[in-house]
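Shown next: my_file24.pdb, given as PDB, C-alpha atoms.
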```
ATOM      1  CA  MET A   1     -77.917 -53.224  66.736
ATOM      2  CA  VAL A   2     -78.703 -55.216  63.607
ATOM      3  CA  ASP A   3     -75.726 -56.081  61.440
ATOM      4  CA  HIS A   4     -76.472 -54.703  57.987
ATOM      5  CA  GLU A   5     -73.977 -56.901  56.186
ATOM      6  CA  VAL A   6     -74.685 -60.186  54.467
ATOM      7  CA  ASP A   7     -71.874 -61.987  56.238
ATOM      8  CA  THR A   8     -71.900 -65.503  54.886
ATOM      9  CA  ALA A   9     -70.536 -68.450  56.804
ATOM     10  CA  ALA A  10     -68.300 -69.298  53.885
ATOM     11  CA  GLY A  11     -66.742 -65.838  53.855
ATOM     12  CA  THR A  12     -66.170 -65.960  57.599
ATOM     13  CA  ALA A  13     -64.569 -69.379  57.337
ATOM     14  CA  VAL A  14     -62.101 -68.106  54.747
ATOM     15  CA  VAL A  15     -61.107 -65.150  56.898
ATOM     16  CA  ASP A  16     -60.797 -67.301  60.028
ATOM     17  CA  ALA A  17     -58.563 -69.746  58.177
ATOM     18  CA  HIS A  18     -56.324 -66.901  57.087
ATOM     19  CA  ALA A  19     -56.110 -65.756  60.690
ATOM     20  CA  ILE A  20     -53.924 -68.745  61.478
ATOM     21  CA  ASP A  21     -51.089 -67.098  59.562
ATOM     22  CA  ARG A  22     -51.484 -63.839  61.451
ATOM     23  CA  ARG A  23     -51.374 -65.469  64.885
ATOM     24  CA  SER A  24     -47.655 -65.972  64.392
ATOM     25  CA  ALA A  25     -47.127 -62.216  63.900
ATOM     26  CA  ALA A  26     -45.597 -60.197  66.714
ATOM     27  CA  SER A  27     -48.097 -59.370  69.453
ATOM     28  CA  ASP A  28     -47.163 -55.702  69.344
ATOM     29  CA  GLY A  29     -48.268 -55.362  65.715
ATOM     30  CA  VAL A  30     -52.040 -55.398  66.217
ATOM     31  CA  LEU A  31     -52.789 -52.428  63.970
ATOM     32  CA  ALA A  32     -50.300 -53.661  61.381
ATOM     33  CA  ARG A  33     -52.138 -56.969  61.288
ATOM     34  CA  VAL A  34     -55.434 -55.166  60.802
ATOM     35  CA  ARG A  35     -54.024 -53.087  57.915
ATOM     36  CA  ASN A  36     -52.382 -56.156  56.430
ATOM     37  CA  GLY A  37     -55.668 -58.050  56.497
ATOM     38  CA  LEU A  38     -57.827 -55.361  54.901
ATOM     39  CA  GLY A  39     -57.673 -56.976  51.495
ATOM     40  CA  GLU A  40     -59.191 -60.178  52.896
ATOM     41  CA  LEU A  41     -62.102 -58.485  54.668
ATOM     42  CA  THR A  42     -65.422 -57.498  53.167
ATOM     43  CA  GLY A  43     -68.714 -56.027  54.326
ATOM     44  CA  ALA A  44     -69.174 -55.758  58.079
ATOM     45  CA  LEU A  45     -65.738 -57.113  58.919
ATOM     46  CA  ARG A  46     -64.164 -54.453  56.701
ATOM     47  CA  ARG A  47     -66.231 -51.744  58.415
ATOM     48  CA  VAL A  48     -64.930 -52.867  61.814
ATOM     49  CA  ALA A  49     -61.339 -52.782  60.544
ATOM     50  CA  ASP A  50     -61.774 -49.322  59.018
ATOM     51  CA  HIS A  51     -63.258 -47.992  62.252
ATOM     52  CA  VAL A  52     -60.463 -49.443  64.394
ATOM     53  CA  LEU A  53     -57.799 -47.978  62.137
ATOM     54  CA  SER A  54     -59.468 -44.564  61.959
ATOM     55  CA  ASP A  55     -59.325 -44.113  65.747
ATOM     56  CA  PRO A  56     -57.422 -46.888  67.573
ATOM     57  CA  GLU A  57     -57.481 -45.089  70.930
ATOM     58  CA  ALA A  58     -61.275 -44.790  70.834
ATOM     59  CA  ALA A  59     -61.550 -48.463  69.885
ATOM     60  CA  ALA A  60     -59.387 -49.420  72.858
ATOM     61  CA  ARG A  61     -61.757 -47.524  75.185
ATOM     62  CA  SER A  62     -64.961 -48.941  73.677
ATOM     63  CA  THR A  63     -66.992 -51.887  74.873
ATOM     64  CA  ILE A  64     -67.880 -54.528  72.309
ATOM     65  CA  VAL A  65     -71.402 -53.080  72.049
ATOM     66  CA  GLU A  66     -70.072 -49.543  71.567
ATOM     67  CA  LEU A  67     -67.648 -50.635  68.857
ATOM     68  CA  ALA A  68     -70.434 -52.532  67.102
ATOM     69  CA  GLU A  69     -72.706 -49.482  67.152
ATOM     70  CA  ARG A  70     -70.007 -47.090  65.950
ATOM     71  CA  SER A  71     -68.982 -49.389  63.084
ATOM     72  CA  GLY A  72     -72.584 -50.163  62.121
ATOM     73  CA  THR A  73     -72.216 -53.870  62.792
ATOM     74  CA  SER A  74     -73.090 -56.288  65.616
ATOM     75  CA  PRO A  75     -71.261 -57.778  68.635
ATOM     76  CA  ALA A  76     -71.192 -61.106  66.787
ATOM     77  CA  THR A  77     -69.318 -59.478  63.899
ATOM     78  CA  ILE A  78     -66.857 -57.890  66.340
ATOM     79  CA  THR A  79     -66.168 -61.351  67.757
ATOM     80  CA  ARG A  80     -65.616 -62.767  64.257
ATOM     81  CA  PHE A  81     -63.298 -59.862  63.502
ATOM     82  CA  CYS A  82     -61.244 -60.583  66.628
ATOM     83  CA  ARG A  83     -60.822 -64.214  65.603
ATOM     84  CA  ALA A  84     -59.878 -63.205  62.076
ATOM     85  CA  MET A  85     -57.096 -61.068  63.561
ATOM     86  CA  GLY A  86     -55.846 -63.978  65.670
ATOM     87  CA  PHE A  87     -57.382 -63.074  69.053
ATOM     88  CA  GLU A  88     -59.492 -65.276  71.299
ATOM     89  CA  GLY A  89     -61.980 -62.496  71.962
ATOM     90  CA  TYR A  90     -62.621 -58.797  72.158
ATOM     91  CA  ALA A  91     -60.838 -58.326  75.476
ATOM     92  CA  ASP A  92     -57.546 -59.531  73.959
ATOM     93  CA  LEU A  93     -57.933 -57.296  70.908
ATOM     94  CA  ARG A  94     -58.792 -54.289  73.056
ATOM     95  CA  LEU A  95     -55.791 -54.824  75.340
ATOM     96  CA  GLY A  96     -53.495 -55.274  72.340
ATOM     97  CA  ILE A  97     -54.637 -52.018  70.744
ATOM     98  CA  ALA A  98     -54.378 -50.149  74.064
ATOM     99  CA  ALA A  99     -50.839 -51.400  74.633
ATOM    100  CA  GLU A 100     -49.742 -50.490  71.122
ATOM    101  CA  THR A 101     -51.238 -47.000  71.126
ATOM    102  CA  GLY A 102     -49.799 -46.407  74.590
ATOM    103  CA  ARG A 103     -46.294 -47.308  73.451
ATOM    104  CA  ALA A 104     -46.709 -45.178  70.330
ATOM    105  CA  ARG A 105     -47.889 -42.198  72.353
ATOM    106  CA  SER A 106     -44.983 -42.451  74.789
ATOM    107  CA  ALA A 107     -42.560 -42.739  71.873
ATOM    108  CA  GLY A 108     -43.962 -39.507  70.430
ATOM    109  CA  TRP A 109     -44.730 -40.727  66.903
ATOM    110  CA  THR A 110     -48.525 -40.703  66.842
ATOM    111  CA  VAL A 111     -48.808 -37.020  65.880
ATOM    112  CA  ASP A 112     -51.528 -36.575  63.266
ATOM    113  CA  ILE A 113     -51.568 -40.207  62.155
ATOM    114  CA  GLY A 114     -54.819 -40.711  60.299
ATOM    115  CA  ARG A 115     -55.250 -36.959  59.718
ATOM    116  CA  GLU A 116     -55.412 -35.916  56.096
ATOM    117  CA  ILE A 117     -52.895 -33.349  54.864
ATOM    118  CA  GLN A 118     -54.712 -30.207  53.802
ATOM    119  CA  PRO A 119     -53.682 -27.979  50.840
ATOM    120  CA  THR A 120     -53.237 -25.042  53.249
ATOM    121  CA  ASP A 121     -51.144 -26.904  55.848
ATOM    122  CA  PRO A 122     -47.775 -25.259  56.571
ATOM    123  CA  LEU A 123     -44.721 -27.309  55.629
ATOM    124  CA  GLY A 124     -43.871 -27.834  59.293
ATOM    125  CA  ARG A 125     -47.136 -29.691  59.857
ATOM    126  CA  VAL A 126     -46.703 -31.637  56.616
ATOM    127  CA  LEU A 127     -43.228 -32.695  57.739
ATOM    128  CA  ASP A 128     -44.589 -33.864  61.088
ATOM    129  CA  GLN A 129     -47.282 -35.859  59.329
ATOM    130  CA  ILE A 130     -44.835 -37.513  56.935
ATOM    131  CA  MET A 131     -42.421 -38.364  59.754
ATOM    132  CA  ALA A 132     -45.216 -39.791  61.894
ATOM    133  CA  ALA A 133     -46.600 -41.857  59.027
ATOM    134  CA  ASP A 134     -43.191 -43.203  57.984
ATOM    135  CA  THR A 135     -42.244 -44.047  61.560
ATOM    136  CA  ARG A 136     -45.511 -45.882  62.025
ATOM    137  CA  ALA A 137     -44.968 -47.804  58.787
ATOM    138  CA  MET A 138     -41.465 -48.799  59.914
ATOM    139  CA  HIS A 139     -42.767 -50.102  63.253
ATOM    140  CA  ASP A 140     -45.583 -51.962  61.527
ATOM    141  CA  THR A 141     -43.143 -53.505  59.050
ATOM    142  CA  ALA A 142     -40.887 -54.682  61.875
ATOM    143  CA  ALA A 143     -43.924 -56.320  63.496
ATOM    144  CA  LEU A 144     -45.012 -58.031  60.280
ATOM    145  CA  LEU A 145     -41.614 -59.153  59.007
ATOM    146  CA  ASP A 146     -40.763 -62.816  59.460
ATOM    147  CA  LEU A 147     -37.033 -62.907  60.165
ATOM    148  CA  GLY A 148     -36.987 -66.599  59.362
ATOM    149  CA  GLU A 149     -38.039 -65.718  55.823
ATOM    150  CA  VAL A 150     -35.319 -63.069  55.654
ATOM    151  CA  GLU A 151     -32.816 -65.714  56.741
ATOM    152  CA  ARG A 152     -33.996 -68.106  54.031
ATOM    153  CA  ALA A 153     -33.804 -65.358  51.417
ATOM    154  CA  ALA A 154     -30.294 -64.366  52.489
ATOM    155  CA  VAL A 155     -29.053 -67.953  52.313
ATOM    156  CA  ALA A 156     -30.552 -68.351  48.843
ATOM    157  CA  ILE A 157     -28.986 -65.146  47.519
ATOM    158  CA  ALA A 158     -25.619 -65.834  49.159
ATOM    159  CA  GLY A 159     -25.398 -69.143  47.325
ATOM    160  CA  ALA A 160     -26.940 -68.009  44.046
ATOM    161  CA  THR A 161     -25.123 -68.032  40.742
ATOM    162  CA  ARG A 162     -27.326 -65.233  39.466
ATOM    163  CA  VAL A 163     -29.962 -62.937  40.997
ATOM    164  CA  ASN A 164     -32.695 -61.271  38.962
ATOM    165  CA  ILE A 165     -34.780 -58.450  40.450
ATOM    166  CA  PHE A 166     -38.110 -57.523  38.871
ATOM    167  CA  GLY A 167     -40.252 -54.449  39.452
ATOM    168  CA  ALA A 168     -42.219 -51.790  37.610
ATOM    169  CA  SER A 169     -42.471 -48.036  38.110
ATOM    170  CA  GLY A 170     -41.531 -47.066  41.694
ATOM    171  CA  SER A 171     -40.792 -50.685  42.587
ATOM    172  CA  ALA A 172     -38.222 -50.700  39.791
ATOM    173  CA  LEU A 173     -36.345 -47.902  41.562
ATOM    174  CA  VAL A 174     -36.301 -49.928  44.774
ATOM    175  CA  GLY A 175     -35.072 -52.938  42.822
ATOM    176  CA  GLU A 176     -32.244 -50.949  41.284
ATOM    177  CA  GLU A 177     -31.061 -49.915  44.746
ATOM    178  CA  MET A 178     -30.941 -53.567  45.790
ATOM    179  CA  GLN A 179     -29.140 -54.563  42.601
ATOM    180  CA  PHE A 180     -26.479 -51.916  43.185
ATOM    181  CA  SER A 181     -25.986 -52.977  46.802
ATOM    182  CA  LEU A 182     -25.597 -56.636  45.898
ATOM    183  CA  HIS A 183     -23.302 -55.823  42.993
ATOM    184  CA  ARG A 184     -20.960 -53.915  45.334
ATOM    185  CA  ILE A 185     -20.364 -57.066  47.396
ATOM    186  CA  GLY A 186     -19.752 -59.348  44.436
ATOM    187  CA  VAL A 187     -23.227 -60.831  43.916
ATOM    188  CA  ALA A 188     -24.105 -61.208  40.237
ATOM    189  CA  ALA A 189     -27.408 -59.318  40.219
ATOM    190  CA  TRP A 190     -29.508 -57.656  37.515
ATOM    191  CA  ALA A 191     -32.578 -55.428  37.854
ATOM    192  CA  TRP A 192     -35.260 -55.538  35.163
ATOM    193  CA  SER A 193     -38.249 -53.253  34.680
ATOM    194  CA  ASP A 194     -39.001 -53.905  31.014
ATOM    195  CA  VAL A 195     -41.173 -57.003  30.814
ATOM    196  CA  HIS A 196     -39.687 -58.283  27.540
ATOM    197  CA  GLU A 197     -36.111 -58.016  28.783
ATOM    198  CA  GLY A 198     -37.100 -59.379  32.175
ATOM    199  CA  LEU A 199     -38.883 -62.408  30.697
ATOM    200  CA  ALA A 200     -35.905 -63.155  28.453
ATOM    201  CA  SER A 201     -33.539 -63.008  31.410
ATOM    202  CA  ALA A 202     -35.884 -65.046  33.632
ATOM    203  CA  ALA A 203     -36.015 -67.768  30.985
ATOM    204  CA  LEU A 204     -32.261 -68.269  31.358
ATOM    205  CA  LEU A 205     -32.404 -68.838  35.116
ATOM    206  CA  GLY A 206     -32.272 -72.271  36.663
ATOM    207  CA  VAL A 207     -31.861 -74.201  39.873
ATOM    208  CA  GLY A 208     -29.474 -72.321  42.156
ATOM    209  CA  ASP A 209     -30.514 -68.914  40.856
ATOM    210  CA  VAL A 210     -32.774 -66.423  42.659
ATOM    211  CA  ALA A 211     -35.515 -64.100  41.396
ATOM    212  CA  LEU A 212     -36.974 -61.276  43.491
ATOM    213  CA  GLY A 213     -40.256 -59.619  42.530
ATOM    214  CA  ILE A 214     -41.165 -56.269  44.110
ATOM    215  CA  SER A 215     -44.734 -54.949  44.151
ATOM    216  CA  HIS A 216     -46.529 -53.319  47.072
ATOM    217  CA  THR A 217     -49.940 -54.547  45.934
ATOM    218  CA  GLY A 218     -48.583 -57.825  44.630
ATOM    219  CA  GLN A 219     -50.841 -57.410  41.608
ATOM    220  CA  THR A 220     -48.525 -55.862  39.010
ATOM    221  CA  ARG A 221     -49.018 -58.170  36.038
ATOM    222  CA  GLU A 222     -45.583 -57.671  34.492
ATOM    223  CA  THR A 223     -43.789 -58.440  37.753
ATOM    224  CA  ILE A 224     -45.949 -61.517  38.333
ATOM    225  CA  GLU A 225     -45.197 -62.792  34.817
ATOM    226  CA  MET A 226     -41.435 -62.329  35.199
ATOM    227  CA  LEU A 227     -41.325 -64.007  38.604
ATOM    228  CA  ALA A 228     -43.521 -66.867  37.377
ATOM    229  CA  GLU A 229     -41.196 -67.441  34.417
ATOM    230  CA  ALA A 230     -38.178 -67.558  36.742
ATOM    231  CA  GLY A 231     -39.919 -69.998  39.048
ATOM    232  CA  SER A 232     -40.895 -72.263  36.141
ATOM    233  CA  ARG A 233     -37.191 -72.558  35.291
ATOM    234  CA  GLY A 234     -36.315 -73.753  38.788
ATOM    235  CA  ALA A 235     -35.101 -70.498  40.356
ATOM    236  CA  THR A 236     -35.903 -69.743  43.995
ATOM    237  CA  THR A 237     -38.501 -66.974  43.967
ATOM    238  CA  LEU A 238     -38.838 -64.149  46.500
ATOM    239  CA  ALA A 239     -41.646 -61.587  46.802
ATOM    240  CA  LEU A 240     -41.477 -58.216  48.547
ATOM    241  CA  THR A 241     -45.060 -57.046  48.994
ATOM    242  CA  GLY A 242     -47.552 -55.608  51.422
ATOM    243  CA  PHE A 243     -50.192 -58.288  50.788
ATOM    244  CA  PRO A 244     -49.562 -61.911  51.790
ATOM    245  CA  ARG A 245     -52.549 -63.203  49.797
ATOM    246  CA  SER A 246     -51.663 -61.350  46.600
ATOM    247  CA  PRO A 247     -50.920 -63.206  43.332
ATOM    248  CA  LEU A 248     -47.225 -62.309  43.613
ATOM    249  CA  ALA A 249     -46.969 -63.655  47.160
ATOM    250  CA  GLU A 250     -48.891 -66.809  46.287
ATOM    251  CA  LEU A 251     -46.412 -67.863  43.594
ATOM    252  CA  ALA A 252     -43.237 -67.002  45.573
ATOM    253  CA  ASP A 253     -41.201 -69.502  47.594
ATOM    254  CA  ILE A 254     -40.300 -66.825  50.157
ATOM    255  CA  VAL A 255     -42.424 -63.784  51.059
ATOM    256  CA  LEU A 256     -41.119 -60.624  52.750
ATOM    257  CA  LEU A 257     -43.907 -58.364  54.018
ATOM    258  CA  THR A 258     -43.906 -54.592  54.405
ATOM    259  CA  ALA A 259     -46.453 -52.143  55.791
ATOM    260  CA  SER A 260     -47.392 -48.652  54.671
ATOM    261  CA  GLN A 261     -49.140 -45.610  56.125
ATOM    262  CA  ALA A 262     -50.847 -43.594  53.419
ATOM    263  CA  THR A 263     -51.410 -39.847  53.653
ATOM    264  CA  THR A 264     -52.903 -37.293  51.276
ATOM    265  CA  PHE A 265     -50.745 -37.102  48.140
ATOM    266  CA  ARG A 266     -48.848 -40.233  49.304
ATOM    267  CA  PRO A 267     -50.950 -43.334  48.614
ATOM    268  CA  ASP A 268     -49.880 -46.761  49.864
ATOM    269  CA  ALA A 269     -47.637 -47.486  46.893
ATOM    270  CA  LEU A 270     -45.562 -44.367  47.576
ATOM    271  CA  SER A 271     -45.570 -44.590  51.364
ATOM    272  CA  ALA A 272     -44.333 -48.185  51.096
ATOM    273  CA  ARG A 273     -40.998 -47.141  49.564
ATOM    274  CA  HIS A 274     -39.093 -46.516  52.793
ATOM    275  CA  PRO A 275     -40.228 -49.747  54.474
ATOM    276  CA  GLN A 276     -39.310 -51.641  51.304
ATOM    277  CA  LEU A 277     -35.828 -50.123  51.339
ATOM    278  CA  VAL A 278     -35.388 -51.000  55.013
ATOM    279  CA  VAL A 279     -36.328 -54.642  54.434
ATOM    280  CA  LEU A 280     -34.028 -54.895  51.423
ATOM    281  CA  ASP A 281     -31.218 -53.236  53.383
ATOM    282  CA  LEU A 282     -31.670 -55.865  56.083
ATOM    283  CA  LEU A 283     -31.586 -58.591  53.431
ATOM    284  CA  TYR A 284     -28.477 -57.086  51.836
ATOM    285  CA  ILE A 285     -26.641 -56.991  55.165
ATOM    286  CA  ALA A 286     -27.718 -60.557  55.915
ATOM    287  CA  VAL A 287     -26.235 -61.633  52.568
ATOM    288  CA  ALA A 288     -23.025 -59.705  53.295
ATOM    289  CA  GLN A 289     -22.740 -61.426  56.682
ATOM    290  CA  ARG A 290     -22.997 -64.837  55.061
ATOM    291  CA  THR A 291     -20.407 -64.009  52.386
ATOM    292  CA  HIS A 292     -18.188 -61.909  54.637
ATOM    293  CA  ASP A 293     -14.757 -62.525  53.134
ATOM    294  CA  ARG A 294     -15.938 -62.301  49.529
ATOM    295  CA  ALA A 295     -18.163 -59.331  50.272
ATOM    296  CA  HIS A 296     -15.458 -57.439  52.149
ATOM    297  CA  ALA A 297     -12.921 -57.950  49.354
ATOM    298  CA  ALA A 298     -15.396 -56.942  46.651
ATOM    299  CA  PHE A 299     -16.524 -53.866  48.545
ATOM    300  CA  ARG A 300     -12.922 -52.779  49.051
ATOM    301  CA  ARG A 301     -12.069 -53.224  45.361
ATOM    302  CA  THR A 302     -15.170 -51.387  44.140
ATOM    303  CA  ALA A 303     -14.487 -48.536  46.567
ATOM    304  CA  GLN A 304     -10.909 -48.250  45.345
ATOM    305  CA  ALA A 305     -12.056 -48.261  41.708
ATOM    306  CA  VAL A 306     -14.135 -45.094  42.154
ATOM    307  CA  ASP A 307     -11.928 -43.424  44.716
ATOM    308  CA  GLY A 308     -10.094 -41.396  42.092
ATOM    309  CA  HIS A 309     -13.330 -39.668  41.109
ATOM    310  CA  LYS A 310     -13.945 -38.216  44.543
ATOM    311  CA  ALA A 311     -13.086 -34.578  45.113
ATOM    312  CA  ALA A 312      -9.792 -34.002  46.904
ATOM    313  CA  LYS A 313      -9.996 -32.677  50.437
ATOM    314  CA  GLY A 314     -10.210 -28.912  50.497
ATOM    315  CA  VAL A 315     -11.269 -28.690  46.863
ATOM    316  CA  LEU A 316     -14.815 -27.554  46.155
ATOM    317  CA  SER A 317     -16.553 -29.045  43.162
TER
END
```

Full structure transcribed into structure tokens:
Amino acid sequence: MVDHEVDTAAGTAVVDAHAIDRRSAASDGVLARVRNGLGELTGALRRVADHVLSDPEAAARSTIVELAERSGTSPATITRFCRAMGFEGYADLRLGIAAETGRARSAGWTVDIGREIQPTDPLGRVLDQIMAADTRAMHDTAALLDLGEVERAAVAIAGATRVNIFGASGSALVGEEMQFSLHRIGVAAWAWSDVHEGLASAALLGVGDVALGISHTGQTRETIEMLAEAGSRGATTLALTGFPRSPLAELADIVLLTASQATTFRPDALSARHPQLVVLDLLYIAVAQRTHDRAHAAFRRTAQAVDGHKAAKGVLS
């Protein structure tokens, strides 16, 4: 079949160069790598990715010619796609997808993944869909996450004089959760969602401080501006995002990646919330481990401070 895309050599070279980064990802995160690379793919390569994600089990059963026909591309494009995803050839990609879907099926969390939620669906089916999508996103995030980067981030925060957390809209809520967690263990942390206040605070940071920017797309202008200001003052910059080639990720010293699994009424930005919280919880615990004595004492004191406001046993509020 004739490939209907104008797939330039330059575009392919860019994608293949980016594939080097993905080769270091966990081998059991094939579909996560495909989702994570969508933003870098165009034309025929994007059509292959969309087809694989729409029905991974069918892709695992297809020959290279069949996959090319079903995605409206050519065997040569399928080969380029495999290399872009970090595989030597189609056989390796096919085996990786088959192994991943097999594990997912045996674990029982593939129910309705990829199926759109309908307005007439009963709540039981909606719940199953949400649980399946969130579980998939968690597994994909675990496959994408570089624990070495988490380690670097934890060391930076543990030794920081001050930590600023930047985010807008839903990402601001995630940032506030992280700020509260760090504050409970004695880390001087502030969360900013207003760009003017955030820029003013970022301008006061310096070497030894840390700034964390949160944005699923990595394209939120306000968050990028605040993190850039912090970095220009010498602070160590962290990015929590779903896109490693986004503007936010490009300017950060340390990048923590998350995955998402969108459903009807829950686009990527919303479905990314739980994976973001999991990654930040891991980071928080890693910081607490590295500041154990200080963290334990601070947590005990903060718990005692609010203990008097808890309802007494046997008394209903």

> Taking into account all atoms listed in the file, which residue in the set A:Leu145, A:Leu227, A:Ala154, A:Ala303 is nearest to Gly242 of chain A?
Replying inline: A:Leu145

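Our summary of the geometry notes that atom CA of Leu204 of chain A is positioned 11.0 Å from atom CA of Gly231 of chain A.
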
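Proximity ranking of A:Gln289, A:His274, A:Ala228, A:Val187 relative to Met131 of chain A places A:His274 first, based on all atoms listed in the file.
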
> What separation in Å, quoted to one decimal, exists between atom CA of Ala44 of chain A and atom CA of Arg94 of chain A?
Replying inline: 18.3 Å

Within 10 Å of segment 29-37 of chain A, which residues of segment 226-257 of chain A come that close, and what is the closest atom pair and distance in Å for each? Count all atoms listed in the file and give it as CSV.
```
residue,atom,partner,partner_atom,distance
A:Gly242,CA,A:Asn36,CA,7.0
A:Phe243,CA,A:Asn36,CA,6.4
A:Pro244,CA,A:Asn36,CA,7.9
A:Arg245,CA,A:Gly37,CA,9.0
A:Leu257,CA,A:Asn36,CA,9.1
```

Could you write those residues out with C-alpha atoms, as a PDB file, keeping the file's coordinate frame?
```pdb
ATOM      1  CA  GLY A 242     -47.552 -55.608  51.422  1.00  0.00           C
ATOM      2  CA  PHE A 243     -50.192 -58.288  50.788  1.00  0.00           C
ATOM      3  CA  PRO A 244     -49.562 -61.911  51.790  1.00  0.00           C
ATOM      4  CA  ARG A 245     -52.549 -63.203  49.797  1.00  0.00           C
ATOM      5  CA  LEU A 257     -43.907 -58.364  54.018  1.00  0.00           C
TER       6      LEU A 257
END
```

Distance cut-off 10 Å, centre (-18.3, -55.8, 44.6) in file coordinates, counting only C-alpha atoms: which residues qualify? Return them as a compact mmCIF listing (two decimals) with C-alpha atoms, in the frame of the given file.
```txt
# COMPACT_ATOMS: atom_id res chain seq x y z
CA PHE A 180 -26.48 -51.92 43.18
CA SER A 181 -25.99 -52.98 46.80
CA LEU A 182 -25.60 -56.64 45.90
CA HIS A 183 -23.30 -55.82 42.99
CA ARG A 184 -20.96 -53.92 45.33
CA ILE A 185 -20.36 -57.07 47.40
CA GLY A 186 -19.75 -59.35 44.44
CA VAL A 187 -23.23 -60.83 43.92
CA ALA A 188 -24.10 -61.21 40.24
CA ARG A 294 -15.94 -62.30 49.53
CA ALA A 295 -18.16 -59.33 50.27
CA HIS A 296 -15.46 -57.44 52.15
CA ALA A 297 -12.92 -57.95 49.35
CA ALA A 298 -15.40 -56.94 46.65
CA PHE A 299 -16.52 -53.87 48.54
CA ARG A 300 -12.92 -52.78 49.05
CA ARG A 301 -12.07 -53.22 45.36
CA THR A 302 -15.17 -51.39 44.14
CA ALA A 303 -14.49 -48.54 46.57
```

> Could you work out how far atom CA of Ala58 of chain A lies from atom CA of Thr101 of chain A, giving the answer in Å with one decimal?
Replying inline: 10.3 Å

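If you count only C-alpha atoms and ignore residues fewer than 5 places along the chain from Met138 of chain A, what sits within 12 Å of it is Gly29, Ala32, Trp109, Met131, Ala132, Ala133, Ala143, Leu144, Leu145, Leu257, Thr258, Ala259, Ser260, Gln261, Ser271, Ala272, Arg273, His274, Pro275, Gln276, Leu277, Val278 and Val279 of chain A.
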
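Each of A:Ala98, A:Ala91, A:Val48, A:Ala235 was compared to Val163 of chain A using all atoms listed in the file, and A:Ala235 turns out to be the nearest.
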
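Across A:Leu95, A:Ala59, A:Ala158, A:Ile78, the tightest approach to His292 of chain A is made by A:Ala158 when counting only C-alpha atoms.
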
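Proximity to Val65 of chain A was assessed for A:Leu41, A:Tyr90, A:Ala172, A:Ala286 counting only C-alpha atoms; the smallest distance is recorded for A:Tyr90.
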
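What the PyMOL selection byres ((chain A and resi 85) around 7) picks from this file is Ala19, Arg22, Arg33, Val34, Phe81, Cys82, Arg83, Ala84, Gly86 and Phe87 of chain A.
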
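Distance check against Leu283 of chain A using all atoms listed in the file: of A:Gln179, A:Ser246, A:Thr236, A:Gln129, the minimum falls on A:Gln179.
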